[in-house]
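Text of input_38.txt (compact mmCIF, C-alpha atoms and all ligand atoms) as supplied:
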# COMPACT_ATOMS: atom_id res chain seq x y z
CA MET K 1 -38.58 23.27 13.73
CA SER K 2 -38.27 24.99 10.37
CA ALA K 3 -35.58 27.29 9.11
CA PRO K 4 -36.34 30.99 9.06
CA GLY K 5 -37.66 32.23 5.75
CA SER K 6 -34.90 34.76 5.46
CA ARG K 7 -32.34 32.05 4.84
CA PRO K 8 -29.94 33.20 2.16
CA ALA K 9 -29.96 31.20 -1.05
CA ARG K 10 -26.22 30.80 -1.02
CA VAL K 11 -24.37 30.22 2.24
CA ARG K 12 -20.67 29.82 2.71
CA PRO K 13 -19.50 26.22 3.06
CA TYR K 14 -18.36 26.54 6.66
CA ALA K 15 -21.71 28.01 7.59
CA ILE K 16 -23.54 25.01 6.14
CA THR K 17 -21.46 22.61 8.20
CA GLY K 18 -21.72 24.67 11.37
CA GLY K 19 -18.00 25.29 11.27
CA ARG K 20 -17.10 21.62 11.28
CA THR K 21 -14.43 20.66 8.84
CA ARG K 22 -13.44 17.14 9.79
CA THR K 23 -15.31 13.88 9.54
CA ARG K 24 -15.08 10.91 11.89
CA VAL K 25 -15.13 8.46 9.04
CA ALA K 26 -13.01 8.81 5.91
CA LEU K 27 -15.67 8.87 3.24
CA ALA K 28 -14.29 7.75 -0.09
CA LEU K 29 -15.43 9.44 -3.29
CA GLU K 30 -17.16 6.19 -4.29
CA THR K 31 -18.68 5.36 -0.90
CA LEU K 32 -22.38 4.70 -1.44
CA VAL K 33 -24.96 6.56 0.61
CA HIS K 34 -28.55 5.48 0.97
CA THR K 35 -31.62 6.42 2.94
CA ASP K 36 -34.37 3.88 3.38
CA GLY K 37 -37.29 6.16 3.95
CA ALA K 38 -38.86 9.40 2.95
CA ALA K 39 -40.21 9.64 6.51
CA GLU K 40 -37.49 11.97 7.71
CA LEU K 41 -37.61 14.16 4.63
CA ARG K 42 -40.43 16.29 6.01
CA THR K 43 -38.41 17.28 9.05
CA LEU K 44 -35.37 18.31 7.04
CA SER K 45 -34.56 21.49 5.24
CA GLY K 46 -31.85 22.98 3.11
CA GLU K 47 -28.86 20.93 2.11
CA ARG K 48 -29.77 18.01 4.36
CA ARG K 49 -33.09 17.64 2.64
CA THR K 50 -31.52 17.90 -0.80
CA ILE K 51 -29.03 15.21 0.13
CA CYS K 52 -31.69 12.91 1.59
CA GLU K 53 -33.74 13.20 -1.58
CA LEU K 54 -30.70 12.27 -3.65
CA CYS K 55 -30.06 9.24 -1.44
CA LEU K 56 -33.46 7.61 -1.93
CA ARG K 57 -31.49 5.28 -4.20
CA PRO K 58 -27.86 4.39 -3.42
CA ILE K 59 -25.59 7.14 -4.69
CA SER K 60 -21.89 7.86 -4.26
CA VAL K 61 -20.42 10.67 -2.19
CA ALA K 62 -19.02 12.24 -5.36
CA GLU K 63 -22.40 12.06 -7.05
CA VAL K 64 -24.11 13.73 -4.10
CA SER K 65 -21.56 16.53 -4.35
CA ALA K 66 -22.08 16.90 -8.09
CA ARG K 67 -25.88 16.74 -8.05
CA ALA K 68 -26.31 18.95 -4.99
CA ALA K 69 -23.70 21.37 -6.37
CA LEU K 70 -21.90 21.39 -3.03
CA PRO K 71 -18.12 21.06 -2.58
CA LEU K 72 -16.85 17.63 -1.67
CA GLY K 73 -15.62 18.70 1.76
CA VAL K 74 -19.02 20.11 2.69
CA VAL K 75 -20.83 17.00 1.51
CA ARG K 76 -18.49 14.78 3.52
CA VAL K 77 -19.14 16.66 6.74
CA LEU K 78 -22.89 16.70 6.17
CA LEU K 79 -23.02 12.99 5.30
CA ASP K 80 -20.95 12.10 8.33
CA ASP K 81 -23.39 14.05 10.48
CA MET K 82 -26.42 12.53 8.81
CA ALA K 83 -25.04 9.01 9.15
CA GLY K 84 -24.43 9.67 12.83
CA ALA K 85 -28.05 10.79 13.18
CA GLY K 86 -29.29 7.68 11.36
CA LEU K 87 -30.63 9.67 8.41
CA VAL K 88 -28.45 7.88 5.86
CA VAL K 89 -26.57 4.61 5.73
CA LEU K 90 -23.07 4.28 4.24
CA HIS K 91 -22.09 1.25 2.17
CA GLY K 92 -18.86 -0.07 0.85
CA ALA K 93 -16.23 2.41 1.95
CA THR K 94 -12.87 0.82 1.34
CA ALA K 95 -9.83 2.15 3.12
CA ASP K 96 -7.21 0.36 1.04
CA ARG K 97 -7.03 -1.78 -2.08
CA PRO K 98 -10.03 -3.84 -3.23
CA ASP K 99 -9.72 -7.56 -2.53
CA ARG K 100 -9.74 -10.34 -5.15
CA ALA K 101 -13.43 -11.06 -4.67
CA LEU K 102 -14.39 -7.49 -5.54
CA LEU K 103 -11.95 -7.38 -8.47
CA GLU K 104 -13.43 -10.58 -9.86
CA ARG K 105 -16.95 -9.21 -9.57
CA VAL K 106 -15.91 -6.04 -11.37
CA LEU K 107 -14.13 -7.98 -14.10
CA ASP K 108 -17.11 -10.23 -14.58
CA GLY K 109 -19.43 -7.24 -14.75
CA LEU K 110 -17.26 -5.42 -17.28
CA GLN K 111 -17.04 -8.47 -19.52
CA ARG K 112 -20.81 -8.73 -19.56
CA LEU K 113 -21.34 -5.12 -20.61
CA MET P 1 -18.18 -0.34 6.20
CA ASP P 2 -21.80 -1.33 6.32
CA SER P 3 -23.58 -0.07 9.37
CA SER P 4 -27.08 -1.26 8.46
CA GLY P 5 -27.17 -4.99 7.87
CA SER P 6 -30.83 -4.67 6.89
CA GLU P 7 -30.48 -3.01 3.49
CA SER P 8 -29.45 -5.05 0.50
CA ALA P 9 -25.71 -4.60 0.51
CA SER P 10 -24.35 -2.37 -2.21
CA ALA P 11 -20.76 -2.29 -3.28
CA SER P 12 -18.82 0.25 -5.27
CA ALA P 13 -15.44 0.33 -6.90
CA LYS P 14 -13.39 3.03 -8.52
CA ILE P 15 -10.98 3.34 -11.43
CA VAL P 16 -8.90 6.43 -12.04
CA VAL P 17 -8.49 7.81 -15.57
CA ALA P 18 -5.30 9.82 -15.61
CA GLY P 19 -3.21 11.68 -18.13
CA GLY P 20 -1.97 15.05 -19.21
CA PHE P 21 -3.95 18.08 -20.28
CA GLY P 22 -6.31 17.38 -23.18
CA VAL P 23 -5.26 13.76 -23.62
CA GLY P 24 -8.84 12.47 -23.70
CA LYS P 25 -9.76 11.71 -20.07
CA THR P 26 -13.22 13.21 -20.22
CA THR P 27 -13.83 11.60 -23.61
CA PHE P 28 -12.84 8.21 -22.19
CA VAL P 29 -15.09 8.54 -19.15
CA GLY P 30 -17.98 9.70 -21.31
CA ALA P 31 -17.54 6.82 -23.75
CA VAL P 32 -18.22 4.13 -21.14
CA SER P 33 -20.31 5.96 -18.55
CA GLU P 34 -24.05 5.31 -18.39
CA ILE P 35 -24.56 8.95 -17.36
CA ASP P 36 -23.14 12.12 -18.85
CA PRO P 37 -19.96 12.78 -16.88
CA LEU P 38 -20.67 14.69 -13.69
CA VAL P 39 -18.44 17.22 -12.02
CA THR P 40 -17.58 17.39 -8.36
CA GLU P 41 -15.64 20.25 -6.88
CA ALA P 42 -13.16 20.33 -4.06
CA VAL P 43 -11.95 23.47 -2.39
CA MET P 44 -8.40 24.02 -1.30
CA THR P 45 -6.76 26.93 0.43
CA ASP P 46 -3.14 26.36 -0.53
CA ALA P 47 -1.06 23.52 -1.90
CA SER P 48 -0.44 21.98 1.51
CA ALA P 49 -3.83 22.37 3.15
CA PRO P 50 -6.16 19.41 3.37
CA HIS P 51 -9.05 20.19 1.10
CA ASP P 52 -11.66 19.41 3.75
CA ASP P 53 -10.35 22.13 5.98
CA LEU P 54 -13.13 24.53 5.20
CA SER P 55 -12.66 26.67 8.27
CA LEU P 56 -9.71 28.21 6.53
CA ALA P 57 -11.75 29.00 3.46
CA GLY P 58 -13.17 32.21 4.85
CA ASP P 59 -10.27 34.56 4.51
CA LYS P 60 -7.61 32.74 2.52
CA ALA P 61 -7.31 32.50 -1.22
CA THR P 62 -9.07 29.36 -2.35
CA THR P 63 -8.81 27.23 -5.44
CA THR P 64 -11.59 25.06 -6.68
CA VAL P 65 -10.65 21.85 -8.42
CA ALA P 66 -13.19 20.20 -10.66
CA MET P 67 -13.06 16.45 -11.25
CA ASP P 68 -15.28 14.75 -13.73
CA PHE P 69 -16.52 11.25 -13.25
CA GLY P 70 -18.87 8.69 -14.71
CA ARG P 71 -20.74 5.63 -13.51
CA ILE P 72 -21.25 2.09 -14.77
CA SER P 73 -23.79 -0.13 -13.00
CA LEU P 74 -22.21 -3.56 -13.37
CA THR P 75 -24.92 -5.46 -11.54
CA SER P 76 -27.90 -4.45 -9.45
CA ASP P 77 -25.65 -4.17 -6.40
CA LEU P 78 -22.28 -3.25 -7.84
CA VAL P 79 -21.38 0.14 -9.26
CA LEU P 80 -18.10 1.14 -10.88
CA TYR P 81 -17.08 4.80 -10.82
CA LEU P 82 -14.55 6.30 -13.22
CA PHE P 83 -12.75 9.40 -12.07
CA GLY P 84 -10.79 11.65 -14.39
CA THR P 85 -7.81 13.30 -12.76
CA PRO P 86 -7.54 17.06 -12.78
CA GLY P 87 -5.15 17.73 -15.67
CA GLN P 88 -2.92 20.33 -14.12
CA GLU P 89 -0.22 19.44 -11.69
CA ARG P 90 -1.04 22.15 -9.22
CA PHE P 91 -3.99 19.91 -8.36
CA TRP P 92 -1.87 17.05 -7.08
CA PHE P 93 -3.46 17.46 -3.68
CA MET P 94 -6.56 15.69 -5.01
CA TRP P 95 -4.73 12.60 -6.14
CA ASP P 96 -4.49 10.94 -2.74
CA ASP P 97 -8.24 11.10 -2.50
CA LEU P 98 -8.56 9.72 -6.02
CA VAL P 99 -6.30 6.70 -5.59
CA ARG P 100 -7.41 5.70 -2.08
CA GLY P 101 -9.32 2.44 -2.49
CA ALA P 102 -9.05 2.51 -6.28
CA ILE P 103 -8.69 -0.66 -8.36
CA GLY P 104 -6.06 1.07 -10.43
CA ALA P 105 -5.54 3.68 -13.10
CA VAL P 106 -5.77 3.91 -16.86
CA LEU P 107 -3.01 6.34 -17.78
CA LEU P 108 -3.89 7.89 -21.12
CA ALA P 109 -0.89 8.94 -23.17
CA ASP P 110 -0.39 10.96 -26.31
CA THR P 111 2.75 9.84 -28.14
CA ARG P 112 3.50 13.48 -28.91
CA ARG P 113 3.62 14.34 -25.22
CA LEU P 114 4.82 11.27 -23.36
CA ASP P 115 6.50 13.42 -20.72
CA ALA P 116 3.05 14.28 -19.36
CA CYS P 117 2.95 10.68 -18.07
CA PHE P 118 6.05 10.81 -15.92
CA ALA P 119 4.59 12.53 -12.87
CA PRO P 120 1.48 10.29 -12.73
CA MET P 121 3.67 7.18 -13.23
CA ASP P 122 5.88 8.21 -10.32
CA PHE P 123 2.81 8.83 -8.20
CA PHE P 124 1.17 5.47 -8.97
CA GLU P 125 4.40 3.55 -8.52
CA ASP P 126 5.02 5.30 -5.21
CA ARG P 127 1.54 4.36 -4.00
CA GLY P 128 1.67 0.85 -5.38
CA LEU P 129 -1.41 1.52 -7.50
CA PRO P 130 -1.81 -0.88 -10.45
CA TYR P 131 -1.93 1.03 -13.73
CA LEU P 132 -1.63 0.54 -17.44
CA VAL P 133 -0.68 2.95 -20.18
CA ALA P 134 -3.25 3.46 -22.92
CA LEU P 135 -1.89 5.27 -25.96
CA ASN P 136 -4.76 7.38 -27.22
CA ALA P 137 -4.64 7.17 -30.98
CA PHE P 138 -5.01 10.77 -32.08
CA ASP P 139 -5.37 11.34 -35.80
CA GLY P 140 -2.12 12.40 -37.38
CA ALA P 141 0.03 11.21 -34.51
CA ARG P 142 2.94 9.06 -35.62
CA ARG P 143 2.91 5.36 -34.73
CA PHE P 144 5.87 3.99 -32.82
CA ASP P 145 7.05 0.56 -31.83
CA ASP P 146 5.92 -0.46 -28.39
CA ALA P 147 9.53 -1.15 -27.50
CA ASP P 148 10.51 2.43 -28.35
CA ILE P 149 7.66 3.81 -26.30
CA ARG P 150 8.56 1.60 -23.35
CA ASP P 151 12.09 2.86 -23.66
CA ALA P 152 11.10 6.49 -23.84
CA MET P 153 8.78 6.11 -20.85
CA GLU P 154 11.04 3.78 -18.87
CA LEU P 155 7.91 1.73 -18.46
CA PRO P 156 8.39 -1.42 -16.34
CA ASP P 157 8.00 -4.63 -18.40
CA ALA P 158 5.14 -5.80 -16.18
CA THR P 159 3.09 -2.67 -16.82
CA PRO P 160 0.71 -3.17 -19.76
CA LEU P 161 1.06 -0.85 -22.74
CA LEU P 162 -2.03 -0.74 -24.97
CA THR P 163 -3.54 1.42 -27.68
CA CYS P 164 -7.04 2.83 -27.45
CA ASP P 165 -9.46 5.22 -29.02
CA ALA P 166 -11.01 7.05 -26.10
CA ARG P 167 -14.04 7.98 -28.22
CA ARG P 168 -15.09 4.37 -28.71
CA ARG P 169 -16.96 2.59 -25.95
CA GLY P 170 -15.64 -0.84 -26.86
CA SER P 171 -12.08 0.41 -26.83
CA ALA P 172 -12.45 2.17 -23.48
CA LYS P 173 -14.15 -0.92 -22.05
CA ALA P 174 -11.25 -3.10 -23.21
CA MET P 175 -8.84 -0.83 -21.29
CA LEU P 176 -10.91 -1.27 -18.13
CA VAL P 177 -10.98 -5.05 -18.54
CA SER P 178 -7.20 -5.14 -19.01
CA LEU P 179 -6.66 -2.93 -16.00
CA VAL P 180 -8.78 -5.11 -13.71
CA GLU P 181 -6.99 -8.22 -15.00
CA HIS P 182 -3.68 -6.53 -14.28
CA ALA P 183 -4.84 -5.54 -10.78
CA LEU P 184 -5.95 -9.12 -10.15
CA ALA P 185 -2.54 -10.41 -11.21
CA LEU P 186 -0.96 -8.08 -8.63
CA THR P 187 -3.39 -8.97 -5.83
CA PRO P 188 -2.49 -11.96 -3.67
N1 LIG D 1 -8.66 11.74 -32.66
C1 LIG D 1 -8.93 11.55 -31.39
N2 LIG D 1 -9.34 12.60 -30.67
C2 LIG D 1 -9.60 12.43 -29.37
C3 LIG D 1 -9.47 11.16 -28.76
N3 LIG D 1 -9.78 11.28 -27.45
C4 LIG D 1 -10.10 12.57 -27.25
N4 LIG D 1 -10.02 13.27 -28.40
C5 LIG D 1 -10.28 14.72 -28.57
O1 LIG D 1 -9.30 15.44 -27.82
C6 LIG D 1 -9.86 16.57 -27.20
C7 LIG D 1 -9.59 16.59 -25.71
O2 LIG D 1 -10.29 15.51 -25.10
P1 LIG D 1 -10.80 15.57 -23.60
O3 LIG D 1 -11.51 14.30 -23.35
O4 LIG D 1 -11.52 16.84 -23.31
O5 LIG D 1 -9.41 15.60 -22.82
P2 LIG D 1 -9.18 15.72 -21.25
O6 LIG D 1 -8.02 14.86 -20.94
O7 LIG D 1 -10.41 15.49 -20.49
O8 LIG D 1 -8.77 17.26 -21.14
P3 LIG D 1 -8.57 18.12 -19.79
O9 LIG D 1 -9.62 17.69 -18.83
O10 LIG D 1 -8.73 19.53 -20.27
O11 LIG D 1 -7.18 17.83 -19.32
C8 LIG D 1 -11.34 16.54 -27.54
O12 LIG D 1 -11.57 17.41 -28.60
C9 LIG D 1 -11.59 15.12 -27.96
O13 LIG D 1 -12.64 15.02 -28.89
C10 LIG D 1 -9.05 10.05 -29.58
O14 LIG D 1 -8.90 8.92 -29.14
N5 LIG D 1 -8.78 10.31 -30.87
MG MG D 2 -11.33 16.70 -19.01

Written as structure tokens, how would this file's structure read?
Ligand SMILES: Nc1nc2c(ncn2[C@@H]2O[C@H](COP(=O)(O)OP(=O)(O)OP(=O)(O)O)[C@@H](O)[C@H]2O)c(=O)[nH]1
Ligand SMILES: [Mg+2]
Amino acid sequence: MSAPGSRPARVRPYAITGGRTRTRVALALETLVHTDGAAELRTLSGERRTICELCLRPISVAEVSARAALPLGVVRVLLDDMAGAGLVVLHGATADRPDRALLERVLDGLQRL
Amino acid sequence: MDSSGSESASASAKIVVAGGFGVGKTTFVGAVSEIDPLVTEAVMTDASAPHDDLSLAGDKATTTVAMDFGRISLTSDLVLYLFGTPGQERFWFMWDDLVRGAIGAVLLADTRRLDACFAPMDFFEDRGLPYLVALNAFDGARRFDDADIRDAMELPDATPLLTCDARRRGSAKAMLVSLVEHALALTP
């Protein structure tokens, strides 16, 4: 099913998310989002399609917001939806402080730069 | 969280670059980022409203807060993000989001305006977020003894105090290394 051609170019945030404002999962700014196939792209339109295209390589929630020019809150709701529908996969959301293993990997990586 | 199991696992980490208005946050992020700093926007309705609460956005006055950030790919499966804090204090509502899950913060300071550090210091100390103070060496700014600066800032002895030039990649990188070392020292 495709969107009607009369779709306005700019819709209000709460219209994009269907009025939803809360997500089930707390998506961190740096949570990585990824989609493993272009298969679904054809069936998507609008913001969801834009987001899926951005996620063909792993990309952070903040980066999706920046590159799609959509507010963070809108992107979070959409990504939560899309993850629930299996369109994207979320990686590496951390609720609290990073553990030693991650810190050591980061330190090692920085020292090699 | 990793709900796939099939994809090659990717990990990300985040460091906050904080400091007062015009202290060099964007310059710092740009100096080490592999991409030109990007901007993400969050919408808020009033100081107390959660910024995701978009249903309220229709008829209430809204404020948009822009945060700039950069990216460093450390390995093929590990990405570090650097987030600059919004300079003005009326944007405090974003800070919870910024520090959640962060490794720590580089607090940029200008010796001519050390008081701009007090609110962020209180915030980081309250949240238990590891941070260091990086004095951004602006041309023409007087040099002080570290001890005097520590005194003026009431900086805890255990909190690193360093000097940087936010325009230089090597200098910014050294701040990040020191911060992660500091965070490691504080992590059991
Ligand atoms: N001399 C000198 N100038 C600097 C340094 N870092 C930043 N600047 C200059 O200071 C000005 C402000 O830097 P920004 O990076 O925009 O500061 P900011 O903290 O992002 O500013 P806001 O986001 O507006 O709060 C710019 O003109 C920079 O070129 C430094 O280490 N030395
Ligand atoms: Mg800036």

Please give me, as an NGL selection string, the residues lying within 8 Å of ligand LIG 1 (chain D) when counting all atoms listed in the file. :P and (18-29 or 84-88 or 136-139 or 164-168)

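Between atom CA of P:Leu176 and atom CA of K:Gln111 the separation is 9.6 Å.
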
So, counting all atoms listed in the file, which residue among P:Val32, P:Leu38, P:Ala134, P:Val16 is closest to chain K? P:Leu38

Using only C-alpha atoms, what residues lie at most 10 Å away from (-29.9, 5.3, 0.8) (file coordinates), given as a ChimeraX atom specification? /K:32-37,51-60,87-91 /P:7,10

Can you work out which one of K:Val64, K:Leu41, K:Leu72, K:Leu78 has the shortest atom-to-atom distance to chain P, counting all atoms listed in the file? K:Leu72

Which distance in Å separates atom CA of P:Trp95 and atom CA of P:Asp151, to one decimal?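 Taking atom CA of P:Trp95 as the start and atom CA of P:Asp151 as the end point, the length is 26.2 Å.
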
Record the distance separating atom CA of P:Ala66 and atom CA of P:Asp36, expressed in Å with one decimal.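 Result for atom CA of P:Ala66 versus atom CA of P:Asp36: 15.2 Å, one decimal.
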
With only C-alpha atoms as the counted atoms, please give the residues lying no more than 6 Å from stretch 70-78 of chain P, apart from itself and same-chain residues fewer than 2 positions off, as number ranges by chain. K: 109; P: 10-12, 29, 33-34, 37, 80-82

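Comparing K:Met82, K:Ala66, K:Val61, K:Val77 by their smallest distance to chain P, the closest is K:Ala66 (using all atoms listed in the file).
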
Counting only C-alpha atoms, which residue out of K:Thr50, K:Leu79, K:Thr43, K:Ala28 sits closest to chain P?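 Selected residue with least distance to chain P: K:Ala28.
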
Residues within 7 Å of K:Pro98, please, as a list in words. Count only C-alpha atoms; anything in the same chain fewer than 4 positions from it doesn't count.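 Answer for this query is Leu102 and Leu103 of chain K; Gly101 and Ile103 of chain P.
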
In the coordinates of the file, take the point (-12.2, -13.0, -12.3) and a cut-off of 12 Å; then, counting all atoms listed in the file, name each qualifying protein, DNA or RNA residue as a PyMOL selection string. (chain K and resi 99-111) or (chain P and resi 177-178+180-185+187)

Nearest residue to P:Val43 from the set P:Val133, P:Met67, P:Ala119, P:Arg100 (distances using only C-alpha atoms):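 Smallest distance to P:Val43 is found for P:Met67.
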
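Distance annotation: of P:Ala116, P:Leu186, P:Lys14, P:Thr63, the residue with the minimal separation from P:Asp97 is P:Lys14; atom set is all atoms listed in the file.
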